[in-house]
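Student: mmCIF, C-alpha atoms, saved as protein.cif, coming up:
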```
data_query
loop_
_atom_site.label_atom_id
_atom_site.label_comp_id
_atom_site.auth_asym_id
_atom_site.auth_seq_id
_atom_site.Cartn_x
_atom_site.Cartn_y
_atom_site.Cartn_z
CA MET I 1 -29.20 -9.46 -2.67
CA ASN I 2 -28.39 -5.94 -1.55
CA HIS I 3 -26.73 -5.32 1.81
CA THR I 4 -26.04 -2.16 3.76
CA LEU I 5 -23.30 -1.13 6.13
CA GLU I 6 -23.98 1.90 8.31
CA ALA I 7 -21.79 3.58 10.90
CA ASP I 8 -22.82 6.41 13.23
CA SER I 9 -22.78 7.62 16.85
CA ILE I 10 -18.99 7.42 16.73
CA GLU I 11 -17.10 9.41 19.33
CA LEU I 12 -13.30 9.30 19.27
CA ALA I 13 -10.91 11.55 21.18
CA PHE I 14 -7.17 11.39 21.87
CA ASP I 15 -5.82 13.28 24.91
CA GLY I 16 -9.03 15.29 25.14
CA ARG I 17 -8.87 16.29 21.45
CA LYS I 18 -11.98 15.23 19.57
CA ILE I 19 -11.07 13.36 16.38
CA LEU I 20 -14.44 12.01 15.30
CA SER I 21 -17.99 13.02 16.21
CA SER I 22 -21.29 13.30 14.35
CA ILE I 23 -20.23 10.65 11.86
CA TYR I 24 -22.69 9.04 9.51
CA LEU I 25 -21.53 6.78 6.74
CA LYS I 26 -23.47 4.35 4.57
CA CYS I 27 -22.13 1.74 2.19
CA GLU I 28 -24.25 -0.50 -0.05
CA THR I 29 -23.83 -3.50 -2.31
CA GLY I 30 -23.24 -2.33 -5.85
CA LYS I 31 -21.79 1.00 -4.80
CA ILE I 32 -18.33 2.36 -4.22
CA THR I 33 -18.20 4.81 -1.35
CA GLY I 34 -15.24 7.18 -1.32
CA LEU I 35 -13.84 8.79 1.79
CA LEU I 36 -11.50 11.76 1.47
CA GLY I 37 -9.94 13.92 4.14
CA ARG I 38 -6.77 15.75 5.04
CA ASN I 39 -4.04 14.05 7.11
CA GLY I 40 -5.01 13.52 10.72
CA GLN I 41 -8.74 13.89 10.11
CA GLY I 42 -9.34 10.30 11.19
CA LYS I 43 -9.98 8.34 7.98
CA THR I 44 -7.92 5.35 9.07
CA CYS I 45 -9.30 5.56 12.62
CA LEU I 46 -12.82 5.53 11.19
CA MET I 47 -12.07 2.40 9.16
CA LYS I 48 -10.50 0.69 12.17
CA ILE I 49 -13.54 1.63 14.27
CA ILE I 50 -15.90 0.14 11.68
CA TYR I 51 -13.70 -2.96 11.53
CA GLY I 52 -13.73 -3.16 15.34
CA SER I 53 -9.98 -3.14 15.85
CA LEU I 54 -10.07 0.34 17.44
CA PRO I 55 -12.51 0.32 20.36
CA CYS I 56 -14.67 3.38 21.00
CA GLU I 57 -18.28 4.47 21.38
CA LYS I 58 -20.04 3.62 18.12
CA SER I 59 -22.86 1.97 16.25
CA VAL I 60 -21.85 -0.19 13.28
CA ARG I 61 -24.68 -2.07 11.61
CA PHE I 62 -24.82 -4.62 8.81
CA ASP I 63 -28.35 -4.89 7.41
CA GLN I 64 -29.63 -3.12 10.56
CA VAL I 65 -27.88 -5.62 12.87
CA ALA I 66 -25.13 -4.28 15.13
CA HIS I 67 -21.70 -5.89 14.77
CA PRO I 68 -19.25 -4.05 17.03
CA ALA I 69 -16.44 -6.51 16.23
CA ALA I 70 -16.77 -7.01 12.46
CA TYR I 71 -13.22 -8.36 12.28
CA LYS I 72 -14.60 -11.59 13.72
CA ARG I 73 -16.80 -12.00 10.64
CA PRO I 74 -14.64 -11.91 7.47
CA GLU I 75 -17.66 -13.03 5.45
CA LEU I 76 -19.17 -9.64 6.34
CA LEU I 77 -16.19 -7.33 6.12
CA ARG I 78 -12.56 -7.45 5.10
CA TYR I 79 -10.06 -4.64 5.52
CA LEU I 80 -7.01 -3.60 3.51
CA PRO I 81 -4.86 -1.54 5.89
CA GLN I 82 -2.59 1.18 4.51
CA PHE I 83 0.58 -0.85 5.24
CA ASN I 84 1.87 -4.24 4.11
CA PHE I 85 0.25 -6.75 6.43
CA ILE I 86 0.97 -10.07 4.75
CA PRO I 87 3.72 -12.09 6.52
CA LYS I 88 6.73 -11.68 4.25
CA GLN I 89 7.74 -15.35 4.25
CA LEU I 90 4.44 -16.55 2.75
CA SER I 91 4.41 -17.61 -0.89
CA LEU I 92 1.75 -16.24 -3.25
CA LYS I 93 0.43 -19.80 -3.64
CA ARG I 94 -0.13 -20.01 0.11
CA ILE I 95 -1.74 -16.56 0.33
CA PHE I 96 -4.20 -17.36 -2.46
CA ALA I 97 -4.99 -20.71 -0.81
CA ASP I 98 -5.63 -18.98 2.54
CA PHE I 99 -8.09 -16.58 0.91
CA GLU I 100 -9.60 -19.37 -1.26
CA LEU I 101 -8.74 -17.62 -4.51
CA ASP I 102 -7.66 -18.89 -7.91
CA TYR I 103 -4.14 -17.83 -8.81
CA THR I 104 -4.63 -18.33 -12.57
CA ALA I 105 -7.37 -15.67 -12.57
CA PHE I 106 -4.88 -13.28 -10.95
CA GLU I 107 -2.24 -14.15 -13.58
CA LYS I 108 -4.69 -13.32 -16.35
CA VAL I 109 -5.23 -9.82 -14.96
CA PHE I 110 -1.57 -9.30 -14.07
CA PRO I 111 0.61 -11.36 -16.48
CA GLY I 112 3.74 -10.09 -14.73
CA PHE I 113 2.98 -12.49 -11.89
CA SER I 114 2.98 -15.61 -14.10
CA SER I 115 6.28 -16.93 -12.76
CA THR I 116 5.95 -15.80 -9.14
CA HIS I 117 3.57 -18.49 -7.90
CA LYS I 118 6.09 -19.89 -5.43
CA THR I 119 7.80 -16.59 -4.61
CA ALA I 120 7.64 -15.26 -1.06
CA VAL I 121 5.64 -12.02 -0.98
CA GLY I 122 8.53 -10.31 0.85
CA ASN I 123 10.69 -10.75 -2.28
CA LEU I 124 8.31 -8.71 -4.44
CA SER I 125 8.59 -4.95 -4.98
CA GLY I 126 6.49 -2.58 -2.86
CA GLY I 127 4.01 -2.04 -5.69
CA GLU I 128 3.69 -5.77 -6.38
CA GLN I 129 3.09 -6.48 -2.69
CA ARG I 130 0.38 -3.82 -2.66
CA LEU I 131 -1.28 -5.31 -5.73
CA VAL I 132 -1.34 -8.79 -4.18
CA ALA I 133 -2.78 -7.44 -0.92
CA LEU I 134 -5.40 -5.39 -2.77
CA TYR I 135 -6.39 -8.32 -4.98
CA VAL I 136 -6.83 -10.88 -2.20
CA ILE I 137 -8.86 -8.54 0.00
CA LEU I 138 -10.97 -7.27 -2.87
CA LYS I 139 -11.67 -10.64 -4.47
CA SER I 140 -12.21 -12.85 -1.43
CA LYS I 141 -15.75 -13.68 -0.33
CA SER I 142 -17.22 -10.88 1.75
CA ARG I 143 -20.21 -8.56 1.69
CA PHE I 144 -18.09 -5.45 2.19
CA VAL I 145 -14.47 -4.42 1.86
CA MET I 146 -12.66 -1.34 3.15
CA LEU I 147 -9.59 -0.23 1.23
CA ASP I 148 -7.22 2.15 2.99
CA GLU I 149 -4.90 3.78 0.45
CA PRO I 150 -5.07 0.95 -2.13
CA PHE I 151 -3.20 2.96 -4.80
CA THR I 152 -0.09 3.62 -2.70
CA HIS I 153 3.10 2.41 -4.45
CA LEU I 154 1.21 1.56 -7.65
CA THR I 155 2.25 2.79 -11.09
CA PRO I 156 -0.31 4.68 -13.23
CA ILE I 157 -0.97 1.55 -15.31
CA GLN I 158 -1.43 -0.54 -12.18
CA ILE I 159 -3.78 2.11 -10.79
CA GLU I 160 -5.93 1.83 -13.92
CA LYS I 161 -6.07 -1.97 -13.53
CA ALA I 162 -6.85 -1.63 -9.82
CA LYS I 163 -9.70 0.76 -10.67
CA GLN I 164 -11.11 -1.79 -13.14
CA LEU I 165 -10.90 -4.53 -10.50
CA ILE I 166 -12.73 -2.38 -7.96
CA LEU I 167 -15.41 -1.49 -10.50
CA GLU I 168 -15.88 -5.18 -11.38
CA GLU I 169 -16.08 -6.20 -7.76
CA LYS I 170 -18.71 -3.64 -6.81
CA ASN I 171 -21.28 -5.85 -8.54
CA HIS I 172 -20.83 -8.36 -5.72
CA LYS I 173 -20.15 -6.24 -2.67
CA GLY I 174 -20.08 -2.80 -1.08
CA ILE I 175 -16.73 -1.02 -1.16
CA LEU I 176 -15.44 1.77 1.06
CA VAL I 177 -12.23 3.31 -0.23
CA THR I 178 -9.92 6.12 0.81
CA ASP I 179 -6.69 7.41 -0.72
CA HIS I 180 -4.78 10.67 -1.08
CA ILE I 181 -4.45 9.88 -4.78
CA TYR I 182 -7.99 11.19 -4.98
CA GLN I 183 -8.64 11.40 -8.72
CA PRO I 184 -9.12 7.62 -9.14
CA ILE I 185 -11.45 7.69 -6.12
CA VAL I 186 -13.49 10.51 -7.66
CA ASP I 187 -13.56 8.60 -10.98
CA ILE I 188 -14.98 5.36 -9.60
CA CYS I 189 -17.05 6.23 -6.54
CA ASP I 190 -20.84 6.44 -6.47
CA ASN I 191 -20.97 8.32 -3.16
CA LEU I 192 -18.22 10.52 -1.84
CA TYR I 193 -17.78 11.62 1.77
CA VAL I 194 -15.28 14.21 2.92
CA LEU I 195 -14.12 13.95 6.49
CA ALA I 196 -13.52 17.41 7.93
CA ASN I 197 -13.55 18.73 11.49
CA GLY I 198 -14.49 15.30 12.83
CA LYS I 199 -17.64 15.05 10.69
CA THR I 200 -18.54 13.27 7.48
CA HIS I 201 -19.95 15.44 4.70
CA LEU I 202 -21.69 13.70 1.82
CA THR I 203 -20.70 15.64 -1.28
CA LYS I 204 -23.23 16.59 -3.91
CA SER I 205 -20.79 17.78 -6.52
CA ILE I 206 -17.05 17.72 -7.14
CA LYS I 207 -16.84 21.36 -6.06
CA ASP I 208 -17.69 20.33 -2.49
CA ILE I 209 -14.23 18.79 -2.21
CA GLU I 210 -12.75 22.26 -2.61
CA THR I 211 -15.36 23.93 -0.42
CA LEU I 212 -14.58 21.48 2.38
CA GLY I 213 -10.88 22.30 2.12
CA TYR I 214 -9.57 18.97 0.83
CA ALA I 215 -8.23 19.86 -2.63
CA ARG I 216 -8.17 22.58 -5.27
CA ILE I 217 -10.04 21.38 -8.32
CA MET S 1 -2.04 -20.65 13.39
CA GLY S 2 0.95 -22.67 12.18
CA THR S 3 2.27 -19.70 10.20
CA PHE S 4 2.03 -17.47 13.26
CA TYR S 5 3.64 -20.11 15.51
CA LYS S 6 6.54 -20.42 13.07
CA SER S 7 7.41 -16.75 13.70
CA PHE S 8 8.73 -17.66 17.16
CA LEU S 9 9.20 -21.42 16.82
CA LEU S 10 13.01 -21.30 16.68
CA PHE S 11 13.32 -19.18 19.83
CA SER S 12 10.80 -21.38 21.63
CA PHE S 13 12.60 -24.53 20.51
CA VAL S 14 15.94 -23.25 21.85
CA VAL S 15 14.36 -22.33 25.21
CA THR S 16 12.57 -25.68 25.55
CA ALA S 17 15.68 -27.65 24.53
CA SER S 18 17.77 -25.73 27.10
CA CYS S 19 15.18 -26.43 29.80
CA LEU S 20 15.12 -30.14 28.94
CA SER S 21 18.90 -30.30 29.04
CA LEU S 22 18.99 -28.63 32.48
CA PHE S 23 16.20 -30.89 33.72
CA TRP S 24 18.11 -33.95 32.51
CA GLU S 25 21.20 -32.80 34.40
CA ASN S 26 19.56 -31.62 37.63
CA GLY S 27 16.28 -33.52 37.96
CA THR S 28 13.11 -32.37 39.74
CA SER S 29 14.99 -29.98 42.08
CA ILE S 30 15.23 -27.45 39.26
CA PHE S 31 11.69 -27.89 37.88
CA VAL S 32 10.16 -24.81 39.58
CA VAL S 33 12.93 -22.58 38.20
CA LEU S 34 12.51 -24.01 34.69
CA PHE S 35 8.74 -23.64 34.91
CA TRP S 36 8.96 -19.92 35.65
CA PHE S 37 11.79 -19.45 33.16
CA LYS S 38 9.58 -20.90 30.42
CA ILE S 39 6.67 -18.68 31.49
CA ALA S 40 8.95 -15.62 31.43
CA THR S 41 10.23 -16.43 27.92
CA LEU S 42 6.66 -16.81 26.69
CA GLY S 43 5.97 -13.33 28.12
CA LEU S 44 9.03 -11.98 26.30
CA THR S 45 7.89 -13.66 23.07
CA TYR S 46 4.50 -11.98 23.37
CA TYR S 47 6.13 -8.59 23.99
CA PHE S 48 8.52 -8.74 21.02
CA ILE S 49 6.13 -10.26 18.50
CA ASN S 50 3.48 -7.75 19.56
CA SER S 51 5.97 -4.91 19.00
CA TYR S 52 7.55 -6.01 15.74
CA LYS S 53 4.87 -8.02 13.94
CA SER S 54 1.67 -6.25 14.99
CA LYS S 55 0.88 -5.30 11.36
CA GLU S 56 0.60 -8.98 10.49
CA TYR S 57 -2.38 -9.36 12.83
CA TYR S 58 -4.49 -7.94 10.00
CA TYR S 59 -3.62 -10.95 7.85
CA TYR S 60 -5.08 -13.29 10.44
CA LEU S 61 -8.02 -10.97 11.21
CA ASN S 62 -8.97 -11.01 7.52
CA LEU S 63 -9.03 -14.81 7.77
CA GLY S 64 -11.28 -14.68 10.84
CA VAL S 65 -8.60 -15.42 13.43
CA SER S 66 -8.52 -12.87 16.24
CA LYS S 67 -5.41 -11.79 18.11
CA VAL S 68 -6.71 -13.43 21.32
CA MET S 69 -7.30 -16.72 19.51
CA LEU S 70 -3.84 -16.60 17.91
CA TRP S 71 -2.03 -16.07 21.18
CA THR S 72 -4.18 -18.36 23.31
CA THR S 73 -3.78 -21.27 20.90
CA THR S 74 -0.07 -20.90 20.18
CA LEU S 75 1.04 -20.16 23.75
CA CYS S 76 -1.07 -22.98 25.22
CA PHE S 77 0.26 -25.40 22.61
CA ASP S 78 3.85 -24.33 23.23
CA PHE S 79 3.51 -24.63 27.00
CA ALA S 80 1.70 -27.97 26.78
CA LEU S 81 4.52 -29.26 24.55
CA PHE S 82 7.06 -28.05 27.13
CA VAL S 83 5.24 -29.90 29.96
CA PHE S 84 4.85 -33.04 27.84
CA LEU S 85 8.57 -33.11 27.01
CA ILE S 86 9.53 -32.50 30.65
CA ILE S 87 7.37 -35.49 31.69
CA GLN S 88 8.92 -37.64 28.96
CA THR S 89 12.41 -36.61 30.07
CA TYR S 90 11.52 -37.44 33.71
CA GLN S 91 10.31 -40.92 32.71
CA ILE S 92 13.34 -41.68 30.55
CA ARG S 93 15.78 -40.33 33.14
#
```
Kindly transcribe the structure held in the file into structure tokens.
Tutor:
Amino acid sequence: MNHTLEADSIELAFDGRKILSSIYLKCETGKITGLLGRNGQGKTCLMKIIYGSLPCEKSVRFDQVAHPAAYKRPELLRYLPQFNFIPKQLSLKRIFADFELDYTAFEKVFPGFSSTHKTAVGNLSGGEQRLVALYVILKSKSRFVMLDEPFTHLTPIQIEKAKQLILEEKNHKGILVTDHIYQPIVDICDNLYVLANGKTHLTKSIKDIETLGYARI
Amino acid sequence: MGTFYKSFLLFSFVVTASCLSLFWENGTSIFVVLFWFKIATLGLTYYFINSYKSKEYYYYLNLGVSKVMLWTTTLCFDFALFVFLIIQTYQIR
């Protein structure tokens, strides 16, 4: 069954400076939605607003039903923040149990983790921690996931594997993803928004990224 | 919840043990002081955990446990344990 996530009527300002206004963003099952934007344009704020952890004026709807605090419904939406958020003392076994995931399936994709079942996540490298966080958020049961800078700290090979995982998972859910390593985003996304001057712009071609001042192609 | 509670369990244990020791020595005359001391340390716990471990809230949020639920449950449990142990100490003493 296809599901939709829509966000609009978002107004966010800090100290009188408007960060977000005239936002419209749509995410659907079976599609990867990319979100690009320069630093300080409000990409992370927008994700936190959709998640409900940053309160402001907004309308966030799942299948036309408003859910202003989506964080209370992990079966609807899960969120990978841009920083390490997993308590460092937790073992991988415990993390996978918490998210009701099979560790052996993870080992098959990432054989380097075959002997780290009982290792505390804090003892892994930055890239390994990011991979674990990305995997558990992406693979756990939910209609939508938001990934904030999922490729940070990953090696090029790991980025390729992460792209494959995201592509596989889009068959089951809607995915909203943002990262400054924008080429993988451009490669995998079905819809691409650029956030500029507080507004979302749905791009029609890759050249729009340059026109909107995000990158030189 | 247990994982979150563990992040300040040691500090809480030391505070509660100190309170019980003082209560054993001084009896009910010191109860009001200990009561407010325990409340104050719970406030301090909230302040420091909120400052230094706020990123970890997203772990619990992704599991459907809100920040309010985390704090309400753990602080109530910790305080109830404190009261229970004070009563036990009073009865044994």
Student: How close does chain S get to chain I? List, as JSON lines, each residue of chain S within 10 Å, its nearest atom pair and the distance in Å to one decimal, counting all atoms listed in the file.
Tutor:
```
{"residue": "S:Thr3", "atom": "CA", "partner": "I:Leu90", "partner_atom": "CA", "distance": 8.4}
{"residue": "S:Phe4", "atom": "CA", "partner": "I:Pro87", "partner_atom": "CA", "distance": 8.8}
{"residue": "S:Ser7", "atom": "CA", "partner": "I:Pro87", "partner_atom": "CA", "distance": 9.3}
{"residue": "S:Lys53", "atom": "CA", "partner": "I:Pro87", "partner_atom": "CA", "distance": 8.5}
{"residue": "S:Ser54", "atom": "CA", "partner": "I:Phe85", "partner_atom": "CA", "distance": 8.7}
{"residue": "S:Lys55", "atom": "CA", "partner": "I:Phe85", "partner_atom": "CA", "distance": 5.2}
{"residue": "S:Glu56", "atom": "CA", "partner": "I:Phe85", "partner_atom": "CA", "distance": 4.6}
{"residue": "S:Tyr57", "atom": "CA", "partner": "I:Phe85", "partner_atom": "CA", "distance": 7.4}
{"residue": "S:Tyr58", "atom": "CA", "partner": "I:Phe85", "partner_atom": "CA", "distance": 6.1}
{"residue": "S:Tyr59", "atom": "CA", "partner": "I:Ile86", "partner_atom": "CA", "distance": 5.6}
{"residue": "S:Tyr60", "atom": "CA", "partner": "I:Ile86", "partner_atom": "CA", "distance": 8.9}
{"residue": "S:Leu61", "atom": "CA", "partner": "I:Tyr71", "partner_atom": "CA", "distance": 5.9}
{"residue": "S:Asn62", "atom": "CA", "partner": "I:Arg78", "partner_atom": "CA", "distance": 5.6}
{"residue": "S:Leu63", "atom": "CA", "partner": "I:Pro74", "partner_atom": "CA", "distance": 6.3}
{"residue": "S:Gly64", "atom": "CA", "partner": "I:Lys72", "partner_atom": "CA", "distance": 5.4}
{"residue": "S:Val65", "atom": "CA", "partner": "I:Lys72", "partner_atom": "CA", "distance": 7.1}
{"residue": "S:Ser66", "atom": "CA", "partner": "I:Lys72", "partner_atom": "CA", "distance": 6.7}
```
Student: Which residues match the PyMOL selection byres ((chain S and resi 11-20) around 9) in the file above, as a VMD selection string?
Tutor: chain S and resid 7 to 10 21 to 25 31 34 to 35 37 to 38 41 to 42 45 78 81 to 82 85 to 86 89
Student: With the file shown as input, list the residues that the PyMOL selection byres ((chain I and resi 34) around 8) selects, as a list of chain:residue names.
Tutor: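 So the PyMOL selection byres ((chain I and resi 34) around 8) ends up selecting I:Ile32, I:Thr33, I:Leu35, I:Leu36, I:Leu176, I:Val177, I:Thr178, I:Ile185, I:Val186, I:Cys189, I:Asp190, I:Asn191, I:Leu192, I:Tyr193.
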Student: Record the distance separating atom CA of S:Phe79 and atom CA of I:Ser91, expressed in Å with one decimal.
Tutor: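 Value for the atom CA of S:Phe79-atom CA of I:Ser91 distance: 28.8 Å.
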Student: Please evaluate the PyMOL selection byres ((chain I and resi 171) around 8) against the displayed coordinates and give the resulting residues as a ChimeraX atom specification.
Tutor: /I:29-31,167-170,172-173
